[in-house]
>>> print(open('structure_18.pdb').read())   # PDB, C-alpha atoms
ATOM      1  CA  MET M  45     170.576  94.796 220.725  1.00  0.00           C
ATOM      2  CA  LYS M  46     169.036  94.300 217.282  1.00  0.00           C
ATOM      3  CA  LYS M  47     165.936  96.309 218.195  1.00  0.00           C
ATOM      4  CA  LEU M  48     168.101  99.191 219.478  1.00  0.00           C
ATOM      5  CA  LEU M  49     170.145  99.149 216.268  1.00  0.00           C
ATOM      6  CA  GLN M  50     167.007  99.164 214.155  1.00  0.00           C
ATOM      7  CA  GLN M  51     165.541 102.086 216.075  1.00  0.00           C
ATOM      8  CA  THR M  52     168.741 104.133 215.716  1.00  0.00           C
ATOM      9  CA  TYR M  53     170.372 103.062 212.446  1.00  0.00           C
ATOM     10  CA  GLU M  54     167.679 101.465 210.290  1.00  0.00           C
ATOM     11  CA  PRO M  55     167.372 104.633 208.140  1.00  0.00           C
ATOM     12  CA  PHE M  56     171.104 104.235 207.301  1.00  0.00           C
ATOM     13  CA  PHE M  57     171.901 100.502 207.307  1.00  0.00           C
ATOM     14  CA  GLU M  58     170.589  97.557 205.290  1.00  0.00           C
ATOM     15  CA  PRO M  59     168.816  94.801 207.301  1.00  0.00           C
ATOM     16  CA  ASN M  60     171.655  92.357 206.539  1.00  0.00           C
ATOM     17  CA  LEU M  61     174.214  94.796 207.958  1.00  0.00           C
ATOM     18  CA  ILE M  62     172.170  95.245 211.133  1.00  0.00           C
ATOM     19  CA  ASP M  63     172.037  91.451 211.443  1.00  0.00           C
ATOM     20  CA  GLU M  64     175.835  91.206 211.150  1.00  0.00           C
ATOM     21  CA  ILE M  65     176.410  93.984 213.674  1.00  0.00           C
ATOM     22  CA  THR M  66     174.084  92.207 216.098  1.00  0.00           C
ATOM     23  CA  GLN M  67     176.082  88.981 215.747  1.00  0.00           C
ATOM     24  CA  VAL M  68     179.572  90.417 216.351  1.00  0.00           C
ATOM     25  CA  ALA M  69     179.148  93.571 218.447  1.00  0.00           C
ATOM     26  CA  THR M  70     178.754  94.107 222.192  1.00  0.00           C
ATOM     27  CA  LEU M  71     176.434  96.549 223.961  1.00  0.00           C
ATOM     28  CA  LYS M  72     177.964  98.740 226.661  1.00  0.00           C
ATOM     29  CA  ASP M  73     176.184 100.970 229.197  1.00  0.00           C
ATOM     30  CA  PHE M  74     178.042 104.053 230.390  1.00  0.00           C
ATOM     31  CA  GLU M  75     177.486 106.656 233.098  1.00  0.00           C
ATOM     32  CA  GLU M  76     177.884 110.434 233.021  1.00  0.00           C
ATOM     33  CA  GLY M  77     181.532 111.397 233.502  1.00  0.00           C
ATOM     34  CA  GLU M  78     182.904 107.942 232.603  1.00  0.00           C
ATOM     35  CA  VAL M  79     186.118 107.932 230.559  1.00  0.00           C
ATOM     36  CA  LEU M  80     185.365 105.644 227.624  1.00  0.00           C
ATOM     37  CA  ILE M  81     188.622 106.129 225.686  1.00  0.00           C
ATOM     38  CA  ASP M  82     191.809 107.669 227.040  1.00  0.00           C
ATOM     39  CA  PHE M  83     194.992 109.066 225.556  1.00  0.00           C
ATOM     40  CA  GLY M  84     197.382 106.285 224.562  1.00  0.00           C
ATOM     41  CA  ASP M  85     194.782 103.501 224.472  1.00  0.00           C
ATOM     42  CA  TYR M  86     194.925 101.009 221.625  1.00  0.00           C
ATOM     43  CA  ILE M  87     191.420 101.007 220.178  1.00  0.00           C
ATOM     44  CA  LYS M  88     190.208  97.601 219.058  1.00  0.00           C
ATOM     45  CA  LYS M  89     186.504  98.412 218.706  1.00  0.00           C
ATOM     46  CA  MET M  90     184.541 101.132 216.935  1.00  0.00           C
ATOM     47  CA  PRO M  91     181.616 102.782 218.763  1.00  0.00           C
ATOM     48  CA  LEU M  92     178.089 103.342 217.447  1.00  0.00           C
ATOM     49  CA  LEU M  93     176.183 105.570 219.847  1.00  0.00           C
ATOM     50  CA  ILE M  94     172.699 104.269 220.689  1.00  0.00           C
ATOM     51  CA  SER M  95     171.789 106.884 223.293  1.00  0.00           C
ATOM     52  CA  GLY M  96     173.380 109.651 225.333  1.00  0.00           C
ATOM     53  CA  ALA M  97     176.194 112.019 224.373  1.00  0.00           C
ATOM     54  CA  ILE M  98     180.001 111.856 224.513  1.00  0.00           C
ATOM     55  CA  LYS M  99     182.515 114.705 224.358  1.00  0.00           C
ATOM     56  CA  ILE M 100     185.798 114.256 222.499  1.00  0.00           C
ATOM     57  CA  LEU M 101     188.894 116.013 223.850  1.00  0.00           C
ATOM     58  CA  ARG M 102     192.342 116.446 222.295  1.00  0.00           C
ATOM     59  CA  GLU M 103     195.560 116.880 224.265  1.00  0.00           C
ATOM     60  CA  ASP M 104     197.297 120.169 223.449  1.00  0.00           C
ATOM     61  CA  PHE M 105     200.991 121.041 223.455  1.00  0.00           C
ATOM     62  CA  ASP M 106     200.896 122.504 226.968  1.00  0.00           C
ATOM     63  CA  GLU M 107     199.515 119.272 228.452  1.00  0.00           C
ATOM     64  CA  GLY M 108     196.042 120.750 228.663  1.00  0.00           C
ATOM     65  CA  GLU M 109     193.002 119.552 226.747  1.00  0.00           C
ATOM     66  CA  LEU M 110     190.785 121.051 224.087  1.00  0.00           C
ATOM     67  CA  LEU M 111     187.177 120.160 223.398  1.00  0.00           C
ATOM     68  CA  LEU M 112     186.891 119.066 219.751  1.00  0.00           C
ATOM     69  CA  TYR M 113     183.249 118.041 219.386  1.00  0.00           C
ATOM     70  CA  PHE M 114     180.336 116.082 220.852  1.00  0.00           C
ATOM     71  CA  ILE M 115     178.882 112.894 219.412  1.00  0.00           C
ATOM     72  CA  GLU M 116     175.203 112.063 219.849  1.00  0.00           C
ATOM     73  CA  LYS M 117     172.726 109.266 219.161  1.00  0.00           C
ATOM     74  CA  GLY M 118     173.326 107.794 215.708  1.00  0.00           C
ATOM     75  CA  ASP M 119     176.916 109.076 215.537  1.00  0.00           C
ATOM     76  CA  THR M 120     180.352 107.540 215.702  1.00  0.00           C
ATOM     77  CA  CYS M 121     183.765 109.087 216.343  1.00  0.00           C
ATOM     78  CA  ALA M 122     185.892 109.663 213.240  1.00  0.00           C
ATOM     79  CA  MET M 123     189.133 109.884 215.223  1.00  0.00           C
ATOM     80  CA  THR M 124     188.347 106.560 216.885  1.00  0.00           C
ATOM     81  CA  MET M 125     187.786 104.991 213.456  1.00  0.00           C
ATOM     82  CA  ALA M 126     191.123 106.363 212.253  1.00  0.00           C
ATOM     83  CA  CYS M 127     192.921 104.815 215.245  1.00  0.00           C
ATOM     84  CA  CYS M 128     191.112 101.497 214.693  1.00  0.00           C
ATOM     85  CA  ILE M 129     192.081 101.276 211.033  1.00  0.00           C
ATOM     86  CA  GLY M 130     195.660 102.445 211.632  1.00  0.00           C
ATOM     87  CA  ASP M 131     196.146 100.270 214.735  1.00  0.00           C
ATOM     88  CA  SER M 132     197.590 103.349 216.441  1.00  0.00           C
ATOM     89  CA  LYS M 133     197.288 104.744 219.956  1.00  0.00           C
ATOM     90  CA  SER M 134     194.399 107.052 220.746  1.00  0.00           C
ATOM     91  CA  GLU M 135     195.094 110.773 220.502  1.00  0.00           C
ATOM     92  CA  ILE M 136     191.735 111.670 222.026  1.00  0.00           C
ATOM     93  CA  ARG M 137     189.894 111.247 225.310  1.00  0.00           C
ATOM     94  CA  ALA M 138     186.186 110.378 225.162  1.00  0.00           C
ATOM     95  CA  ILE M 139     184.156 111.282 228.256  1.00  0.00           C
ATOM     96  CA  ALA M 140     180.447 110.564 228.700  1.00  0.00           C
ATOM     97  CA  GLU M 141     178.516 113.820 228.755  1.00  0.00           C
ATOM     98  CA  THR M 142     175.385 111.928 229.837  1.00  0.00           C
ATOM     99  CA  LYS M 143     174.616 108.320 230.622  1.00  0.00           C
ATOM    100  CA  GLY M 144     173.809 106.170 227.599  1.00  0.00           C
ATOM    101  CA  GLN M 145     174.554 103.067 225.557  1.00  0.00           C
ATOM    102  CA  VAL M 146     177.055 102.323 222.837  1.00  0.00           C
ATOM    103  CA  VAL M 147     177.502  99.363 220.486  1.00  0.00           C
ATOM    104  CA  MET M 148     181.155  98.330 220.113  1.00  0.00           C
ATOM    105  CA  ILE M 149     182.165  96.724 216.790  1.00  0.00           C
ATOM    106  CA  PRO M 150     185.444  94.751 216.473  1.00  0.00           C
ATOM    107  CA  VAL M 151     187.817  96.634 214.169  1.00  0.00           C
ATOM    108  CA  ASN M 152     188.361  93.757 211.731  1.00  0.00           C
ATOM    109  CA  TYR M 153     184.769  94.062 210.479  1.00  0.00           C
ATOM    110  CA  MET M 154     185.076  97.752 209.615  1.00  0.00           C
ATOM    111  CA  GLU M 155     187.174  97.267 206.493  1.00  0.00           C
ATOM    112  CA  GLU M 156     185.260  94.156 205.415  1.00  0.00           C
ATOM    113  CA  TRP M 157     181.955  96.039 205.491  1.00  0.00           C
ATOM    114  CA  LEU M 158     183.382  98.978 203.523  1.00  0.00           C
ATOM    115  CA  GLY M 159     183.484  96.744 200.458  1.00  0.00           C
ATOM    116  CA  LYS M 160     180.379  94.733 201.292  1.00  0.00           C
ATOM    117  CA  TYR M 161     177.772  97.333 202.234  1.00  0.00           C
ATOM    118  CA  LYS M 162     177.148 100.647 200.477  1.00  0.00           C
ATOM    119  CA  SER M 163     175.272 101.974 203.510  1.00  0.00           C
ATOM    120  CA  TRP M 164     178.282 101.294 205.764  1.00  0.00           C
ATOM    121  CA  ARG M 165     180.613 102.997 203.311  1.00  0.00           C
ATOM    122  CA  ASN M 166     178.350 106.065 203.167  1.00  0.00           C
ATOM    123  CA  PHE M 167     178.016 106.129 206.947  1.00  0.00           C
ATOM    124  CA  VAL M 168     181.790 106.026 207.504  1.00  0.00           C
ATOM    125  CA  PHE M 169     182.538 108.704 204.884  1.00  0.00           C
ATOM    126  CA  ASN M 170     179.730 110.962 206.129  1.00  0.00           C
ATOM    127  CA  SER M 171     180.972 110.560 209.689  1.00  0.00           C
ATOM    128  CA  TYR M 172     184.485 111.601 208.660  1.00  0.00           C
ATOM    129  CA  ASN M 173     183.053 114.585 206.791  1.00  0.00           C
ATOM    130  CA  ASN M 174     180.842 115.725 209.667  1.00  0.00           C
ATOM    131  CA  ARG M 175     183.562 115.365 212.288  1.00  0.00           C
ATOM    132  CA  MET M 176     186.035 117.181 210.036  1.00  0.00           C
ATOM    133  CA  LYS M 177     183.636 120.126 209.793  1.00  0.00           C
ATOM    134  CA  GLU M 178     183.272 120.155 213.568  1.00  0.00           C
ATOM    135  CA  MET M 179     187.041 120.059 214.096  1.00  0.00           C
ATOM    136  CA  LEU M 180     187.509 122.913 211.621  1.00  0.00           C
ATOM    137  CA  SER M 181     184.865 124.824 213.554  1.00  0.00           C
ATOM    138  CA  ALA M 182     186.802 124.144 216.770  1.00  0.00           C
ATOM    139  CA  ILE M 183     189.987 125.440 215.121  1.00  0.00           C
ATOM    140  CA  ASP M 184     188.146 128.545 213.904  1.00  0.00           C
ATOM    141  CA  ASN M 185     186.884 129.131 217.435  1.00  0.00           C
ATOM    142  CA  LEU M 186     190.442 129.041 218.760  1.00  0.00           C
ATOM    143  CA  ALA M 187     191.883 131.189 215.999  1.00  0.00           C
ATOM    144  CA  PHE M 188     189.182 133.804 215.449  1.00  0.00           C
ATOM    145  CA  MET M 189     186.834 133.909 218.453  1.00  0.00           C
ATOM    146  CA  ASN M 190     187.575 135.509 221.793  1.00  0.00           C
ATOM    147  CA  MET M 191     186.930 133.563 224.987  1.00  0.00           C
ATOM    148  CA  GLU M 192     183.505 135.115 225.570  1.00  0.00           C
ATOM    149  CA  GLU M 193     182.347 134.024 222.096  1.00  0.00           C
ATOM    150  CA  ARG M 194     183.784 130.536 222.659  1.00  0.00           C
ATOM    151  CA  LEU M 195     181.963 130.339 225.995  1.00  0.00           C
ATOM    152  CA  VAL M 196     178.625 131.324 224.427  1.00  0.00           C
ATOM    153  CA  SER M 197     179.136 128.755 221.651  1.00  0.00           C
ATOM    154  CA  TYR M 198     179.991 126.112 224.265  1.00  0.00           C
ATOM    155  CA  LEU M 199     176.891 126.855 226.360  1.00  0.00           C
ATOM    156  CA  LYS M 200     174.638 126.660 223.294  1.00  0.00           C
ATOM    157  CA  GLU M 201     176.150 123.323 222.290  1.00  0.00           C
ATOM    158  CA  LYS M 202     175.726 121.949 225.831  1.00  0.00           C
ATOM    159  CA  SER M 203     172.102 123.094 225.814  1.00  0.00           C
ATOM    160  CA  LYS M 204     171.503 121.363 222.473  1.00  0.00           C
ATOM    161  CA  ILE M 205     173.234 118.125 223.499  1.00  0.00           C
ATOM    162  CA  ASN M 206     171.317 117.838 226.774  1.00  0.00           C
ATOM    163  CA  SER M 207     167.992 119.209 225.414  1.00  0.00           C
ATOM    164  CA  THR M 208     167.691 121.700 228.255  1.00  0.00           C
ATOM    165  CA  LYS M 209     168.335 125.394 228.905  1.00  0.00           C
ATOM    166  CA  ASP M 210     169.786 124.505 232.318  1.00  0.00           C
ATOM    167  CA  ILE M 211     173.497 123.664 232.197  1.00  0.00           C
ATOM    168  CA  LYS M 212     174.769 121.853 235.287  1.00  0.00           C
ATOM    169  CA  ASN M 213     178.526 122.093 234.747  1.00  0.00           C
ATOM    170  CA  THR M 214     180.606 123.871 237.356  1.00  0.00           C
ATOM    171  CA  HIS M 215     182.752 126.868 236.413  1.00  0.00           C
ATOM    172  CA  GLN M 216     185.826 124.642 236.828  1.00  0.00           C
ATOM    173  CA  GLU M 217     184.459 121.983 234.478  1.00  0.00           C
ATOM    174  CA  ILE M 218     183.735 124.597 231.817  1.00  0.00           C
ATOM    175  CA  ALA M 219     187.227 126.047 232.254  1.00  0.00           C
ATOM    176  CA  TYR M 220     188.663 122.552 231.787  1.00  0.00           C
ATOM    177  CA  ASP M 221     186.754 121.993 228.545  1.00  0.00           C
ATOM    178  CA  LEU M 222     187.779 125.392 227.154  1.00  0.00           C
ATOM    179  CA  ASN M 223     191.372 125.121 228.409  1.00  0.00           C
ATOM    180  CA  THR M 224     191.296 128.282 230.497  1.00  0.00           C
ATOM    181  CA  SER M 225     191.047 129.193 234.192  1.00  0.00           C
ATOM    182  CA  ARG M 226     188.033 129.064 236.483  1.00  0.00           C
ATOM    183  CA  VAL M 227     188.522 132.748 237.333  1.00  0.00           C
ATOM    184  CA  VAL M 228     188.214 133.719 233.656  1.00  0.00           C
ATOM    185  CA  ILE M 229     185.068 131.616 233.193  1.00  0.00           C
ATOM    186  CA  SER M 230     183.432 133.005 236.345  1.00  0.00           C
ATOM    187  CA  ARG M 231     184.128 136.567 235.211  1.00  0.00           C
ATOM    188  CA  LEU M 232     182.760 135.938 231.715  1.00  0.00           C
ATOM    189  CA  LEU M 233     179.650 134.179 233.026  1.00  0.00           C
ATOM    190  CA  LYS M 234     178.905 137.172 235.243  1.00  0.00           C
ATOM    191  CA  ALA M 235     179.340 139.461 232.222  1.00  0.00           C
ATOM    192  CA  LEU M 236     176.953 137.307 230.176  1.00  0.00           C
ATOM    193  CA  GLU M 237     174.425 137.466 233.012  1.00  0.00           C
ATOM    194  CA  ASN M 238     174.697 141.267 233.043  1.00  0.00           C
ATOM    195  CA  GLN M 239     174.025 141.208 229.283  1.00  0.00           C
ATOM    196  CA  GLY M 240     170.842 139.196 229.877  1.00  0.00           C
ATOM    197  CA  LYS M 241     172.096 136.138 227.974  1.00  0.00           C
ATOM    198  CA  ILE M 242     172.196 133.760 230.948  1.00  0.00           C
ATOM    199  CA  LYS M 243     170.983 133.491 234.536  1.00  0.00           C
ATOM    200  CA  LEU M 244     173.355 132.130 237.148  1.00  0.00           C
ATOM    201  CA  HIS M 245     171.780 129.883 239.778  1.00  0.00           C
ATOM    202  CA  ARG M 246     173.368 128.050 242.688  1.00  0.00           C
ATOM    203  CA  ALA M 247     173.999 124.819 240.801  1.00  0.00           C
ATOM    204  CA  THR M 248     173.054 125.618 237.193  1.00  0.00           C
ATOM    205  CA  ILE M 249     173.516 128.124 234.397  1.00  0.00           C
ATOM    206  CA  GLU M 250     170.270 128.969 232.645  1.00  0.00           C
ATOM    207  CA  LEU M 251     170.573 129.924 228.972  1.00  0.00           C
ATOM    208  CA  LEU M 252     168.130 132.765 228.288  1.00  0.00           C
ATOM    209  CA  LYS M 253     168.797 133.732 224.680  1.00  0.00           C
ATOM    210  CA  PRO M 254     169.127 131.372 221.685  1.00  0.00           C
TER     211      PRO M 254
END
>>> encode(input="structure_18.pdb", output="structure tokens")
Amino acid sequence: MKKLLQQTYEPFFEPNLIDEITQVATLKDFEEGEVLIDFGDYIKKMPLLISGAIKILREDFDEGELLLYFIEKGDTCAMTMACCIGDSKSEIRAIAETKGQVVMIPVNYMEEWLGKYKSWRNFVFNSYNNRMKEMLSAIDNLAFMNMEERLVSYLKEKSKINSTKDIKNTHQEIAYDLNTSRVVISRLLKALENQGKIKLHRATIELLKP
């Protein structure tokens, strides 16, 4: 585990902090589609993502779900940290976008390290700041962008997260993430194909324009 932490977090964390994380944390492998955190869970450990990508969803008032943001290698989830510190139930669902590995840190060390390590303090505050920006962007998308613009933004983010122009999600899965219907997504994807922005294949959506 120590080598993985060094490869991912050494630019951010002091050697002594990496040593402490290695002593108290556990390493977890996850598979694509696995639910890592669910609504209502009590979160006792904070995740540090070593590899892969995870999408964070928020339950809306109509019992649907909204995609808030993705976390990638070197990230953590600000909403998870908030639940850890507040000893409150999770208000998010975390689903593995790809397979990967995550280091899980017991919550009691989080506050101790805030006072002990400057690098940990900076990492936590920067994570809150970055996730806040992403959540504000998600709110802006809902408030000011139409569904076609939200779909294009979603496809670009999926392409970036997975480092490929070929997006393997089904129309239903995309509709689920964007809290709309499969019929709407299928119609919009066809329109985007007619505009030359994507190419629809049997099992993938190919992003043509940046």
>>> resolve_selection(input="structure_18.pdb", expression="the PyMOL selection byres ((chain M and resi 226-242) around 10)", output="number ranges by chain")
M: 191-193, 195-196, 199, 209-210, 214-220, 222-225, 243-245, 249-254
>>> atom_distance(input="structure_18.pdb", atom1="CA of Asp73 (chain M)", atom2="CA of Gly144 (chain M)")
5.9 Å
>>> resolve_selection(input="structure_18.pdb", expression="the PyMOL selection byres ((chain M and resi 212) around 6)", output="NGL selection string")
:M and (211 or 213 or 248)
>>> resolve_selection(input="structure_18.pdb", expression="the PyMOL selection byres ((chain M and resi 96) around 6)", output="VMD selection string")
chain M and resid 95 97 142 to 144
>>> closest_residue(input="structure_18.pdb", among="M:Glu155, M:Glu178, M:Glu76, M:Asp85", to="Leu112 (chain M)", atoms="all atoms listed in the file")
M:Glu178
>>> build_atoms(input="structure_18.pdb", residues="region 86-114 of chain M", atoms="N, CA and C atoms", output="PDB file, keeping the file's coordinate frame")
ATOM      1  N   TYR M  86     195.076 101.657 222.928  1.00  0.00           N
ATOM      2  CA  TYR M  86     194.925 101.009 221.625  1.00  0.00           C
ATOM      3  C   TYR M  86     193.440 100.678 221.460  1.00  0.00           C
ATOM      4  N   ILE M  87     192.852 101.161 220.386  1.00  0.00           N
ATOM      5  CA  ILE M  87     191.420 101.007 220.178  1.00  0.00           C
ATOM      6  C   ILE M  87     191.161  99.816 219.268  1.00  0.00           C
ATOM      7  N   LYS M  88     190.483  98.831 219.804  1.00  0.00           N
ATOM      8  CA  LYS M  88     190.208  97.601 219.058  1.00  0.00           C
ATOM      9  C   LYS M  88     188.753  97.501 218.604  1.00  0.00           C
ATOM     10  N   LYS M  89     187.921  98.439 219.071  1.00  0.00           N
ATOM     11  CA  LYS M  89     186.504  98.412 218.706  1.00  0.00           C
ATOM     12  C   LYS M  89     186.018  99.814 218.350  1.00  0.00           C
ATOM     13  N   MET M  90     185.110  99.869 217.393  1.00  0.00           N
ATOM     14  CA  MET M  90     184.541 101.132 216.935  1.00  0.00           C
ATOM     15  C   MET M  90     183.173 101.331 217.574  1.00  0.00           C
ATOM     16  N   PRO M  91     182.889 102.549 218.081  1.00  0.00           N
ATOM     17  CA  PRO M  91     181.616 102.782 218.763  1.00  0.00           C
ATOM     18  C   PRO M  91     180.514 103.287 217.830  1.00  0.00           C
ATOM     19  N   LEU M  92     179.298 102.781 218.039  1.00  0.00           N
ATOM     20  CA  LEU M  92     178.089 103.342 217.447  1.00  0.00           C
ATOM     21  C   LEU M  92     177.207 103.775 218.613  1.00  0.00           C
ATOM     22  N   LEU M  93     176.903 105.053 218.691  1.00  0.00           N
ATOM     23  CA  LEU M  93     176.183 105.570 219.847  1.00  0.00           C
ATOM     24  C   LEU M  93     174.679 105.321 219.707  1.00  0.00           C
ATOM     25  N   ILE M  94     174.126 104.595 220.675  1.00  0.00           N
ATOM     26  CA  ILE M  94     172.699 104.269 220.689  1.00  0.00           C
ATOM     27  C   ILE M  94     171.906 105.348 221.426  1.00  0.00           C
ATOM     28  N   SER M  95     172.448 105.827 222.528  1.00  0.00           N
ATOM     29  CA  SER M  95     171.789 106.884 223.293  1.00  0.00           C
ATOM     30  C   SER M  95     172.839 107.640 224.102  1.00  0.00           C
ATOM     31  N   GLY M  96     172.457 108.844 224.548  1.00  0.00           N
ATOM     32  CA  GLY M  96     173.380 109.651 225.333  1.00  0.00           C
ATOM     33  C   GLY M  96     174.247 110.546 224.462  1.00  0.00           C
ATOM     34  N   ALA M  97     175.267 111.127 225.078  1.00  0.00           N
ATOM     35  CA  ALA M  97     176.194 112.019 224.373  1.00  0.00           C
ATOM     36  C   ALA M  97     177.589 111.854 224.962  1.00  0.00           C
ATOM     37  N   ILE M  98     178.598 112.014 224.110  1.00  0.00           N
ATOM     38  CA  ILE M  98     180.001 111.856 224.513  1.00  0.00           C
ATOM     39  C   ILE M  98     180.789 113.057 223.992  1.00  0.00           C
ATOM     40  N   LYS M  99     181.659 113.611 224.828  1.00  0.00           N
ATOM     41  CA  LYS M  99     182.515 114.705 224.358  1.00  0.00           C
ATOM     42  C   LYS M  99     183.909 114.164 224.054  1.00  0.00           C
ATOM     43  N   ILE M 100     184.489 114.693 222.978  1.00  0.00           N
ATOM     44  CA  ILE M 100     185.798 114.256 222.499  1.00  0.00           C
ATOM     45  C   ILE M 100     186.803 115.373 222.741  1.00  0.00           C
ATOM     46  N   LEU M 101     187.867 115.043 223.476  1.00  0.00           N
ATOM     47  CA  LEU M 101     188.894 116.013 223.850  1.00  0.00           C
ATOM     48  C   LEU M 101     190.224 115.639 223.218  1.00  0.00           C
ATOM     49  N   ARG M 102     191.012 116.642 222.899  1.00  0.00           N
ATOM     50  CA  ARG M 102     192.342 116.446 222.295  1.00  0.00           C
ATOM     51  C   ARG M 102     193.380 117.067 223.199  1.00  0.00           C
ATOM     52  N   GLU M 103     194.474 116.359 223.441  1.00  0.00           N
ATOM     53  CA  GLU M 103     195.560 116.880 224.265  1.00  0.00           C
ATOM     54  C   GLU M 103     196.306 117.964 223.495  1.00  0.00           C
ATOM     55  N   ASP M 104     196.572 119.110 224.145  1.00  0.00           N
ATOM     56  CA  ASP M 104     197.297 120.169 223.449  1.00  0.00           C
ATOM     57  C   ASP M 104     198.769 120.144 223.847  1.00  0.00           C
ATOM     58  N   PHE M 105     199.535 121.071 223.276  1.00  0.00           N
ATOM     59  CA  PHE M 105     200.991 121.041 223.455  1.00  0.00           C
ATOM     60  C   PHE M 105     201.421 121.430 224.862  1.00  0.00           C
ATOM     61  N   ASP M 106     200.563 122.084 225.608  1.00  0.00           N
ATOM     62  CA  ASP M 106     200.896 122.504 226.968  1.00  0.00           C
ATOM     63  C   ASP M 106     200.346 121.541 228.013  1.00  0.00           C
ATOM     64  N   GLU M 107     200.024 120.331 227.586  1.00  0.00           N
ATOM     65  CA  GLU M 107     199.515 119.272 228.452  1.00  0.00           C
ATOM     66  C   GLU M 107     198.137 119.602 229.003  1.00  0.00           C
ATOM     67  N   GLY M 108     197.445 120.511 228.344  1.00  0.00           N
ATOM     68  CA  GLY M 108     196.042 120.750 228.663  1.00  0.00           C
ATOM     69  C   GLY M 108     195.188 119.947 227.701  1.00  0.00           C
ATOM     70  N   GLU M 109     193.903 120.257 227.651  1.00  0.00           N
ATOM     71  CA  GLU M 109     193.002 119.552 226.747  1.00  0.00           C
ATOM     72  C   GLU M 109     192.074 120.544 226.073  1.00  0.00           C
ATOM     73  N   LEU M 110     191.696 120.219 224.860  1.00  0.00           N
ATOM     74  CA  LEU M 110     190.785 121.051 224.087  1.00  0.00           C
ATOM     75  C   LEU M 110     189.569 120.231 223.682  1.00  0.00           C
ATOM     76  N   LEU M 111     188.396 120.817 223.837  1.00  0.00           N
ATOM     77  CA  LEU M 111     187.177 120.160 223.398  1.00  0.00           C
ATOM     78  C   LEU M 111     187.079 120.249 221.882  1.00  0.00           C
ATOM     79  N   LEU M 112     186.987 119.087 221.209  1.00  0.00           N
ATOM     80  CA  LEU M 112     186.891 119.066 219.751  1.00  0.00           C
ATOM     81  C   LEU M 112     185.435 119.070 219.291  1.00  0.00           C
ATOM     82  N   TYR M 113     184.646 118.138 219.804  1.00  0.00           N
ATOM     83  CA  TYR M 113     183.249 118.041 219.386  1.00  0.00           C
ATOM     84  C   TYR M 113     182.503 117.079 220.304  1.00  0.00           C
ATOM     85  N   PHE M 114     181.187 117.049 220.162  1.00  0.00           N
ATOM     86  CA  PHE M 114     180.336 116.082 220.852  1.00  0.00           C
ATOM     87  C   PHE M 114     179.818 115.078 219.828  1.00  0.00           C
TER      88      PHE M 114
END
